[in-house]
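Trainee: Just so it is clear, I am handing over data-v3.tsv, which has TSV, C-alpha atoms (C1' of nucleotides).
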```tsv
chain	number	residue	atom	x	y	z
G	1	MET	CA	0.00	0.00	0.00
G	2	PRO	CA	2.10	2.79	1.18
G	3	GLU	CA	4.55	4.56	-1.02
G	4	LEU	CA	6.43	7.72	-0.08
G	5	PRO	CA	3.37	10.04	0.06
G	6	GLU	CA	1.38	7.61	2.17
G	7	VAL	CA	4.22	7.02	4.64
G	8	GLU	CA	4.82	10.78	4.86
G	9	THR	CA	1.10	11.28	5.58
G	10	VAL	CA	1.14	8.57	8.25
G	11	LYS	CA	4.25	10.14	9.79
G	12	ARG	CA	2.67	13.59	10.02
G	13	SER	CA	-0.61	12.31	11.39
G	14	LEU	CA	1.07	10.17	14.06
G	15	ALA	CA	3.41	12.99	15.04
G	16	SER	CA	0.45	15.32	15.54
G	17	VAL	CA	-0.91	13.17	18.36
G	18	LEU	CA	1.87	10.94	19.65
G	19	ASP	CA	4.97	13.14	19.78
G	20	GLY	CA	6.26	13.21	23.35
G	21	GLN	CA	3.91	10.52	24.60
G	22	THR	CA	5.11	7.73	26.88
G	23	ILE	CA	4.65	4.06	25.99
G	24	GLU	CA	3.19	2.19	28.92
G	25	ARG	CA	2.87	-1.29	27.50
G	26	ILE	CA	3.32	-3.35	24.32
G	27	GLU	CA	1.08	-6.18	23.21
G	28	ARG	CA	2.29	-8.49	20.46
G	29	ARG	CA	-0.46	-10.62	18.95
G	30	ASP	CA	-1.02	-13.19	16.22
G	31	VAL	CA	2.13	-15.22	16.41
G	32	SER	CA	1.47	-17.24	13.24
G	33	PRO	CA	3.28	-18.18	11.12
G	34	ALA	CA	5.82	-19.62	13.50
G	35	LYS	CA	8.81	-18.30	11.58
G	36	ALA	CA	7.68	-14.67	11.85
G	37	PRO	CA	8.40	-12.93	15.13
G	38	ASP	CA	5.55	-12.08	17.46
G	39	GLY	CA	3.53	-9.23	16.09
G	40	GLN	CA	6.01	-8.98	13.20
G	41	PHE	CA	8.11	-7.11	15.75
G	42	TYR	CA	11.81	-7.98	15.51
G	43	GLY	CA	13.23	-7.42	18.96
G	44	SER	CA	13.79	-9.63	21.97
G	45	PRO	CA	11.19	-9.39	24.76
G	46	ALA	CA	13.99	-8.27	27.10
G	47	ASP	CA	15.06	-5.44	24.79
G	48	ILE	CA	11.48	-4.35	24.22
G	49	GLU	CA	10.87	-4.32	27.97
G	50	GLN	CA	14.04	-2.31	28.58
G	51	PHE	CA	14.07	0.13	25.66
G	52	VAL	CA	10.46	0.53	24.54
G	53	VAL	CA	8.26	0.15	27.60
G	54	GLY	CA	8.50	3.32	29.67
G	55	ALA	CA	10.18	5.28	26.88
G	56	SER	CA	8.65	8.35	25.31
G	57	ILE	CA	8.53	9.25	21.63
G	58	THR	CA	11.04	11.97	20.77
G	59	GLY	CA	10.39	12.20	17.04
G	60	PHE	CA	9.20	10.72	13.78
G	61	ARG	CA	11.31	10.41	10.65
G	62	ARG	CA	10.82	8.95	7.20
G	63	ARG	CA	13.33	7.56	4.72
G	64	ALA	CA	11.79	6.51	1.40
G	65	LYS	CA	8.95	4.20	2.47
G	66	VAL	CA	10.46	3.47	5.89
G	67	LEU	CA	9.06	5.12	9.02
G	68	ILE	CA	11.37	5.70	11.99
G	69	ILE	CA	10.10	6.39	15.50
G	70	ASP	CA	12.80	7.69	17.86
G	71	LEU	CA	12.52	6.93	21.57
G	72	SER	CA	13.92	8.60	24.68
G	73	SER	CA	15.85	5.38	25.44
G	74	ASP	CA	18.12	6.20	22.48
G	75	TYR	CA	16.56	3.30	20.62
G	76	SER	CA	14.39	3.59	17.51
G	77	LEU	CA	11.64	1.61	15.87
G	78	ILE	CA	12.14	1.10	12.14
G	79	ILE	CA	8.84	0.25	10.48
G	80	HIS	CA	7.99	-0.90	6.96
G	81	LEU	CA	4.29	-1.21	6.14
G	82	LYS	CA	4.90	-3.08	2.86
G	83	MET	CA	1.62	-3.79	1.04
G	84	SER	CA	-1.11	-3.76	3.67
G	85	GLY	CA	0.32	-2.23	6.84
G	86	GLN	CA	-1.55	0.42	8.84
G	87	LEU	CA	-0.62	2.47	11.89
G	88	VAL	CA	-3.77	3.84	13.50
G	89	VAL	CA	-4.27	5.75	16.75
G	90	VAL	CA	-7.37	4.98	18.79
G	91	GLU	CA	-8.84	6.95	21.69
G	92	PRO	CA	-9.56	5.27	25.04
G	93	ASP	CA	-13.21	4.96	23.99
G	94	GLY	CA	-12.21	2.99	20.91
G	95	LYS	CA	-12.81	5.74	18.36
G	96	ARG	CA	-10.18	6.77	15.85
G	97	VAL	CA	-8.56	10.00	16.95
G	98	GLY	CA	-9.51	11.72	13.70
G	99	GLY	CA	-12.97	10.21	13.59
G	100	GLY	CA	-12.07	8.01	10.66
G	101	HIS	CA	-14.46	7.06	7.95
G	102	PRO	CA	-17.64	4.98	8.03
G	103	THR	CA	-16.27	2.32	5.73
G	104	LYS	CA	-16.08	-1.39	5.92
G	105	SER	CA	-12.54	-1.46	7.20
G	106	LEU	CA	-13.17	1.10	9.90
G	107	VAL	CA	-16.57	0.09	11.21
G	108	GLN	CA	-14.86	-2.84	12.81
G	109	GLU	CA	-13.58	-2.41	16.33
G	110	LEU	CA	-9.87	-2.64	16.93
G	111	PRO	CA	-8.11	-4.87	17.57
G	112	ASP	CA	-9.29	-7.01	14.69
G	113	LYS	CA	-7.70	-10.08	13.17
G	114	THR	CA	-5.11	-7.96	11.34
G	115	SER	CA	-3.83	-6.26	14.51
G	116	ARG	CA	-0.29	-7.51	15.07
G	117	THR	CA	1.14	-5.15	17.68
G	118	ILE	CA	-0.56	-2.65	19.99
G	119	PHE	CA	1.26	0.21	21.73
G	120	TYR	CA	-0.51	1.43	24.89
G	121	PHE	CA	0.24	5.01	25.93
G	122	GLU	CA	-0.04	6.57	29.37
G	123	SER	CA	-2.63	8.94	27.89
G	124	GLY	CA	-4.94	5.98	27.35
G	125	GLN	CA	-4.57	6.21	23.59
G	126	ARG	CA	-3.44	3.14	21.69
G	127	LEU	CA	-1.46	2.77	18.46
G	128	PHE	CA	-2.44	-0.25	16.36
G	129	TYR	CA	-0.04	-1.82	13.92
G	130	ASN	CA	-2.36	-3.71	11.58
G	131	ASP	CA	-1.20	-5.75	8.62
G	132	GLN	CA	-3.49	-8.07	6.75
G	133	ARG	CA	-0.87	-9.71	4.56
G	134	LYS	CA	1.90	-9.77	7.18
G	135	PHE	CA	4.68	-8.64	4.84
G	136	GLY	CA	5.53	-5.65	7.02
G	137	TRP	CA	7.80	-5.45	10.03
G	138	ILE	CA	8.97	-3.44	13.02
G	139	LYS	CA	12.60	-3.55	14.12
G	140	LEU	CA	14.13	-2.19	17.31
G	141	VAL	CA	17.62	-0.74	16.85
G	142	PRO	CA	19.84	1.71	18.74
G	143	THR	CA	19.17	5.22	17.38
G	144	PRO	CA	22.83	5.92	16.45
G	145	GLU	CA	22.76	2.79	14.27
G	146	VAL	CA	19.68	3.76	12.26
G	147	GLU	CA	21.53	5.67	9.58
G	148	HIS	CA	24.08	2.88	9.27
G	149	ASN	CA	21.46	0.17	9.05
G	150	LYS	CA	21.58	-1.70	5.76
G	151	LEU	CA	17.85	-1.20	5.28
G	152	ILE	CA	18.50	2.54	5.16
G	153	THR	CA	21.93	2.81	3.56
G	154	LYS	CA	20.95	0.83	0.47
G	155	LEU	CA	18.23	3.33	-0.47
G	156	GLY	CA	18.88	5.69	-3.33
G	157	PRO	CA	18.20	9.44	-3.20
G	158	GLU	CA	14.62	10.54	-2.65
G	159	PRO	CA	12.70	12.51	-5.27
G	160	PHE	CA	13.02	15.65	-3.13
G	161	ASP	CA	16.76	15.33	-2.48
G	162	ASP	CA	19.20	17.79	-4.04
G	163	ASP	CA	21.18	14.86	-5.42
G	164	PHE	CA	18.19	13.55	-7.37
G	165	THR	CA	19.17	15.25	-10.61
G	166	ALA	CA	18.88	14.52	-14.31
G	167	GLU	CA	22.63	13.89	-14.36
G	168	TYR	CA	22.34	11.33	-11.57
G	169	LEU	CA	19.40	9.53	-13.16
G	170	ALA	CA	20.97	9.58	-16.63
G	171	GLU	CA	24.08	7.92	-15.25
G	172	ARG	CA	22.11	5.25	-13.42
G	173	LEU	CA	19.95	4.45	-16.47
G	174	SER	CA	22.64	4.68	-19.10
G	175	ARG	CA	23.60	1.01	-19.29
G	176	ARG	CA	20.40	-0.61	-18.15
G	177	THR	CA	18.12	-2.66	-20.37
G	178	ILE	CA	15.30	-3.06	-17.86
G	179	ALA	CA	12.05	-1.25	-18.58
G	180	ILE	CA	12.03	2.32	-17.26
G	181	LYS	CA	8.99	1.51	-15.09
G	182	THR	CA	10.93	-1.33	-13.45
G	183	ALA	CA	13.93	0.96	-12.93
G	184	LEU	CA	11.79	3.56	-11.16
G	185	LEU	CA	10.64	0.90	-8.70
G	186	ASP	CA	14.24	-0.01	-7.80
G	187	GLN	CA	14.71	1.47	-4.33
G	188	LYS	CA	18.48	1.47	-4.76
G	189	MET	CA	18.09	3.82	-7.69
G	190	ILE	CA	15.42	6.12	-6.22
G	191	GLY	CA	13.92	5.74	-2.76
G	192	GLY	CA	10.17	5.95	-2.29
G	193	ILE	CA	8.54	5.34	-5.67
G	194	GLY	CA	5.98	2.53	-5.80
G	195	ASN	CA	3.62	1.14	-8.38
G	196	ILE	CA	1.08	3.97	-8.33
G	197	TYR	CA	3.46	6.90	-8.69
G	198	ALA	CA	5.72	5.15	-11.20
G	199	ASP	CA	2.72	4.88	-13.53
G	200	GLU	CA	1.56	8.41	-12.78
G	201	ALA	CA	4.97	10.04	-13.24
G	202	LEU	CA	5.60	8.21	-16.53
G	203	ASN	CA	2.22	9.33	-17.82
G	204	LEU	CA	2.90	12.95	-16.92
G	205	ALA	CA	6.28	12.72	-18.64
G	206	GLY	CA	4.75	11.13	-21.77
G	207	ILE	CA	7.04	8.09	-21.57
G	208	ASP	CA	6.04	4.52	-22.41
G	209	PRO	CA	6.73	2.42	-19.28
G	210	THR	CA	8.06	-0.48	-21.36
G	211	ARG	CA	10.91	1.55	-22.89
G	212	GLU	CA	14.45	0.31	-22.24
G	213	SER	CA	15.98	2.50	-19.57
G	214	LYS	CA	19.07	3.32	-21.59
G	215	SER	CA	16.96	4.50	-24.53
G	216	LEU	CA	15.66	7.58	-22.71
G	217	THR	CA	16.81	10.92	-24.05
G	218	THR	CA	18.19	13.70	-21.87
G	219	ALA	CA	14.98	15.66	-22.37
G	220	GLU	CA	12.88	12.69	-21.25
G	221	ILE	CA	15.01	12.15	-18.16
G	222	GLU	CA	14.68	15.83	-17.29
G	223	LYS	CA	10.92	15.50	-17.57
G	224	LEU	CA	10.92	12.51	-15.22
G	225	VAL	CA	13.09	14.29	-12.69
G	226	ALA	CA	10.38	16.97	-12.61
G	227	THR	CA	7.23	14.84	-12.76
G	228	ILE	CA	8.26	12.38	-10.03
G	229	PRO	CA	8.50	14.95	-7.20
G	230	ALA	CA	5.52	16.83	-8.64
G	231	VAL	CA	3.21	13.84	-8.43
G	232	MET	CA	4.51	12.95	-4.97
G	233	ASN	CA	3.99	16.50	-3.71
G	234	ARG	CA	0.46	16.62	-5.05
G	235	SER	CA	-0.34	13.29	-3.41
G	236	ILE	CA	1.05	14.43	-0.05
G	237	GLU	CA	-1.19	17.50	-0.31
G	238	LEU	CA	-4.16	15.16	-0.75
G	239	GLY	CA	-3.13	12.77	2.03
G	240	GLY	CA	-1.91	9.98	-0.25
G	241	THR	CA	-3.83	7.40	-2.24
G	242	SER	CA	-6.58	5.15	-0.90
G	243	PHE	CA	-8.34	2.80	-3.24
G	244	SER	CA	-9.45	0.20	-0.74
G	245	ASP	CA	-8.22	0.35	2.80
G	246	TYR	CA	-5.25	2.66	3.19
G	247	VAL	CA	-5.78	5.15	6.00
G	248	ASP	CA	-3.45	7.51	7.79
G	249	GLY	CA	-2.70	7.47	11.51
G	250	LEU	CA	-5.99	9.17	12.26
G	251	GLY	CA	-8.09	6.86	10.13
G	252	GLN	CA	-8.45	9.35	7.28
G	253	PHE	CA	-8.51	8.39	3.63
G	254	GLY	CA	-6.15	9.88	1.05
G	255	LYS	CA	-7.75	11.58	-1.93
G	256	TYR	CA	-5.08	11.32	-4.63
G	257	PHE	CA	-6.91	8.42	-6.24
G	258	ASP	CA	-9.63	10.84	-7.36
G	259	GLU	CA	-6.98	12.64	-9.40
G	260	ALA	CA	-5.12	9.59	-10.68
G	261	ARG	CA	-4.43	9.92	-14.40
G	262	VAL	CA	-3.82	6.26	-15.22
G	263	TYR	CA	-3.45	4.13	-12.09
G	264	GLY	CA	-6.53	1.99	-11.51
G	265	ARG	CA	-8.22	3.43	-14.61
G	266	ALA	CA	-7.86	0.55	-17.09
G	267	ASN	CA	-10.18	0.99	-20.09
G	268	GLU	CA	-11.29	4.41	-18.89
G	269	PRO	CA	-10.67	7.42	-21.14
G	270	CYS	CA	-7.30	9.14	-21.05
G	271	LEU	CA	-7.67	12.64	-19.59
G	272	GLU	CA	-5.66	14.08	-22.49
G	273	CYS	CA	-6.76	12.25	-25.64
G	274	GLY	CA	-9.86	10.34	-24.57
G	275	GLY	CA	-8.41	7.03	-25.74
G	276	PRO	CA	-8.62	3.98	-23.45
G	277	ILE	CA	-6.03	3.53	-20.70
G	278	SER	CA	-4.14	0.28	-21.23
G	279	LYS	CA	-3.25	-2.15	-18.47
G	280	ILE	CA	-0.42	-4.63	-18.95
G	281	MET	CA	1.83	-6.72	-16.70
G	282	LEU	CA	5.39	-5.45	-16.54
G	283	GLY	CA	7.94	-7.04	-14.26
G	284	GLY	CA	5.07	-8.76	-12.48
G	285	ARG	CA	3.33	-5.49	-11.68
G	286	GLY	CA	0.10	-4.12	-13.09
G	287	THR	CA	1.05	-1.18	-15.31
G	288	HIS	CA	-1.28	1.52	-16.58
G	289	TYR	CA	-0.59	3.91	-19.43
G	290	CYS	CA	-1.97	5.64	-22.50
G	291	LYS	CA	-0.63	4.24	-25.75
G	292	ASN	CA	-1.52	7.45	-27.56
G	293	CYS	CA	0.19	9.86	-25.21
G	294	GLN	CA	3.17	7.85	-23.96
G	295	HIS	CA	5.97	6.93	-26.36
H	1	DC	C1'	26.79	-8.30	-12.62
H	2	DG	C1'	21.95	-7.86	-14.69
H	3	DC	C1'	17.60	-9.54	-15.24
H	4	DT	C1'	13.19	-12.28	-14.45
H	5	DC	C1'	10.36	-14.75	-11.73
H	6	DG	C1'	8.52	-16.99	-7.70
H	7	DG	C1'	7.55	-16.57	-2.96
H	8	DC	C1'	6.01	-14.38	1.13
H	9	DC	C1'	0.45	-13.91	3.20
H	10	DT	C1'	-4.52	-12.99	3.22
H	11	DG	C1'	-8.42	-11.30	1.06
H	12	DT	C1'	-11.44	-9.77	-2.72
H	13	DG	C1'	-13.53	-9.71	-7.03
H	14	DC	C1'	-14.36	-11.60	-11.31
H	15	DG	C1'	-15.63	-15.06	-14.82
H	16	DC	C1'	-17.59	-19.29	-15.45
E	1	DT	C1'	-24.85	-19.33	-5.58
E	2	DG	C1'	-20.36	-21.48	-5.53
E	3	DC	C1'	-15.60	-22.32	-7.07
E	4	DG	C1'	-11.19	-21.33	-8.63
E	5	DC	C1'	-8.08	-18.21	-10.34
E	6	DA	C1'	-5.82	-13.77	-10.86
E	7	DC	C1'	-4.39	-9.93	-8.68
E	8	DA	C1'	-3.38	-6.38	-4.77
E	9	DG	C1'	0.25	-0.29	-2.31
E	10	DG	C1'	6.73	-4.17	-1.69
E	11	DC	C1'	10.72	-6.48	-1.60
E	12	DC	C1'	14.11	-10.43	-1.43
E	13	DG	C1'	16.58	-14.19	-3.11
E	14	DA	C1'	17.17	-18.14	-6.38
E	15	DG	C1'	18.48	-19.25	-10.76
E	16	DC	C1'	19.80	-18.31	-15.40
```
Could you write out this structure as structure tokens?
Mentor:
Amino acid sequence: MPELPEVETVKRSLASVLDGQTIERIERRDVSPAKAPDGQFYGSPADIEQFVVGASITGFRRRAKVLIIDLSSDYSLIIHLKMSGQLVVVEPDGKRVGGGHPTKSLVQELPDKTSRTIFYFESGQRLFYNDQRKFGWIKLVPTPEVEHNKLITKLGPEPFDDDFTAEYLAERLSRRTIAIKTALLDQKMIGGIGNIYADEALNLAGIDPTRESKSLTTAEIEKLVATIPAVMNRSIELGGTSFSDYVDGLGQFGKYFDEARVYGRANEPCLECGGPISKIMLGGRGTHYCKNCQH
DNA sequence: CGCTCGGCCTGTGCGC
DNA sequence: TGCGCACAGGCCGAGC
């Protein structure tokens, strides 16, 4: 589910209510399958007891699609929501802090069967880490080690970084034969792009997603370097993309989907030419584009 | 080294 | 109405 704009939205919403709050207790649930750690939380019970319980939250950070919660114990929680992860704050009375939405996924009381870990705060509020498909994870690491952690160091520059330039991207694409769409999803090349925004940015740039990476012209690469942060910024403004059950930390839906140009719009008319949006499989991912407008 | 594909999980929606 | 298959926001590792 969450790509950079969704994780950024979750980060901001959680920070607005949980910054400075003290964790009173942790509950790790749903221990199946046996090989996954309790609650998908990688950390020994002793370490969690010592460095998480009783600690307060000193800040929230994001790197690409990874959320980092810093604690007063000088330890940090590194969290990846992968496809179906949610972090949702609930009031003592069980209501979402932001009120949430009256939809199927939110009518249900928490915890539900997807709730893997619950953080109880002294305020009485609770933070639910829900993950239907169980691909996501939480890891406990010393704060000084976060930036040296392999999960973080392997990530390429983010779309908003100063070092995300046309020169950088041209160099990285210059000898690659993989489709440009596949290249954009490579987190080592650029950190934070996922399936939705790869399709959207390529549409805005007028580039066919199946093109060989090394075939892109300088002008096309310059367009991409502009459209990628543009589409991400617009999505952050709208609170990310929800097309089924993504919600932010307050249970709010993102509205970018209403503005999506190609993603999820197979067979619908292209906003530019009116022709049908195509959907193909590329590198195992559903890929949406306009054959008239993207070359 | 580069590339493609299957696997990890659970659920939903579609075609038959 | 029921059944089985394809696909879903991500990423890793095996195998060529």
Trainee: Skipping near chain neighbours, those fewer than 5 positions away, what residues fall within 8 Å of Asp248 (chain G) using all atoms listed in the file, listed as JSON, numbers by chain?
Mentor: {"G": [6, 9, 10, 13, 86, 87, 88, 239, 253, 254]}
Trainee: Mind checking which residues fall within 12 Å of region 2-5 of chain E, counting only C-alpha atoms (C1' of nucleotides), ignoring those fewer than 6 positions away in the same chain, and posting them as a ChimeraX atom specification?
Mentor: /H:12-16
Trainee: Nearest to DC1 (chain H): which of G:Glu237, G:Gly283, G:Pro276, G:Arg175 is it, counting all atoms listed in the file?
Mentor: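 So, comparing all the options, the nearest one is G:Arg175.
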Trainee: Quick one: of G:Thr22, G:Ser84, G:Ser215, G:Tyr263, who's nearest to DG10 (chain E), counting only C-alpha atoms (C1' of nucleotides)?
Mentor: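 Counting only C-alpha atoms (C1' of nucleotides), the residue closest to DG10 (chain E) is G:Ser84.
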Trainee: From the set G:Gly249, G:Pro209, G:Gly274, G:Pro5, which residue has the shortest atom-to-atom contact distance to DG9 (chain E), counting all atoms listed in the file?
Mentor: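 Selected residue with least distance to DG9 (chain E): G:Pro5.
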Trainee: Wanna dump the chain E-chain G contacts at 12 Å for me, each residue with its shortest atom pair and the distance in Å to one decimal, counting all atoms listed in the file, ordered by chain and number, as a Markdown table?
Mentor:
```
| residue | atom | partner | partner_atom | distance |
| --- | --- | --- | --- | --- |
| E:DA6 | C1' | G:Gly286 | CA | 11.5 |
| E:DC7 | C1' | G:Gly286 | CA | 8.6 |
| E:DA8 | C1' | G:Met83 | CA | 8.1 |
| E:DG9 | C1' | G:Met1 | CA | 2.3 |
| E:DG10 | C1' | G:Lys82 | CA | 5.0 |
| E:DC11 | C1' | G:Lys82 | CA | 8.1 |
| E:DC12 | C1' | G:Phe135 | CA | 11.5 |
```
Trainee: Could you list, as an MDAnalysis selection string, the residues of chain H having an atom within 7 Å of chain G when counting only C-alpha atoms (C1' of nucleotides)?
Mentor: chainID H and resid 8:10
Trainee: Keeping only C-alpha atoms (C1' of nucleotides), write the selected residues to a file as an mmCIF file, in the coordinates of the input.
Mentor:
```cif
data_model
loop_
_atom_site.group_PDB
_atom_site.id
_atom_site.type_symbol
_atom_site.label_atom_id
_atom_site.label_comp_id
_atom_site.auth_asym_id
_atom_site.auth_seq_id
_atom_site.Cartn_x
_atom_site.Cartn_y
_atom_site.Cartn_z
ATOM 1 C "C1'" DC H 8 6.010 -14.380 1.130
ATOM 2 C "C1'" DC H 9 0.450 -13.910 3.200
ATOM 3 C "C1'" DT H 10 -4.520 -12.990 3.220
#
```
Trainee: Which residues are close to Leu18 (chain G), i.e. within 12 Å by only C-alpha atoms (C1' of nucleotides), leaving aside same-chain residues fewer than 2 positions away? Reply as a ChimeraX atom specification.
Mentor: /G:10-16,20-23,56-60,69-71,87-91,97,119-127,249-250
Trainee: Between G:Asp162, G:Glu167, G:Asp38, G:Glu212, which has the minimum distance to Leu184 (chain G) (counting all atoms listed in the file)?
Mentor: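 Counting all atoms listed in the file, the residue closest to Leu184 (chain G) is G:Glu212.
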Trainee: Could you put an axis-aligned box around every listed atom of region 251-266 of chain G, padded by 3 Å on each side, and send me its centre and edge lengths in Å to one decimal, as AutoDock Vina command-line options?
Mentor:
```
--center_x -6.5 --center_y 6.6 --center_z -3.5 --size_x 12.2 --size_y 18.1 --size_z 33.2
```
Trainee: To one decimal in Å, tell me the separation between CA of Cys293 (chain G) and CA of Leu216 (chain G).
Mentor: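 These atoms are spaced 15.8 Å apart.
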Trainee: Please return as a PyMOL selection string every residue within 8 Å of (2.8, 18.6, -15.3), taking into account all atoms listed in the file and the file's own coordinates.
Mentor: chain G and resi 204-205+227+230
Trainee: Would you work out the distance separating CA of Ile277 (chain G) from CA of Cys290 (chain G), expressed in Å to one decimal?
Mentor: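 These two atoms are separated by 4.9 Å.
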Trainee: Could you please determine the separation between CA of Gly94 (chain G) and CA of Arg28 (chain G) in Å, to one decimal place?
Mentor: 18.5 Å
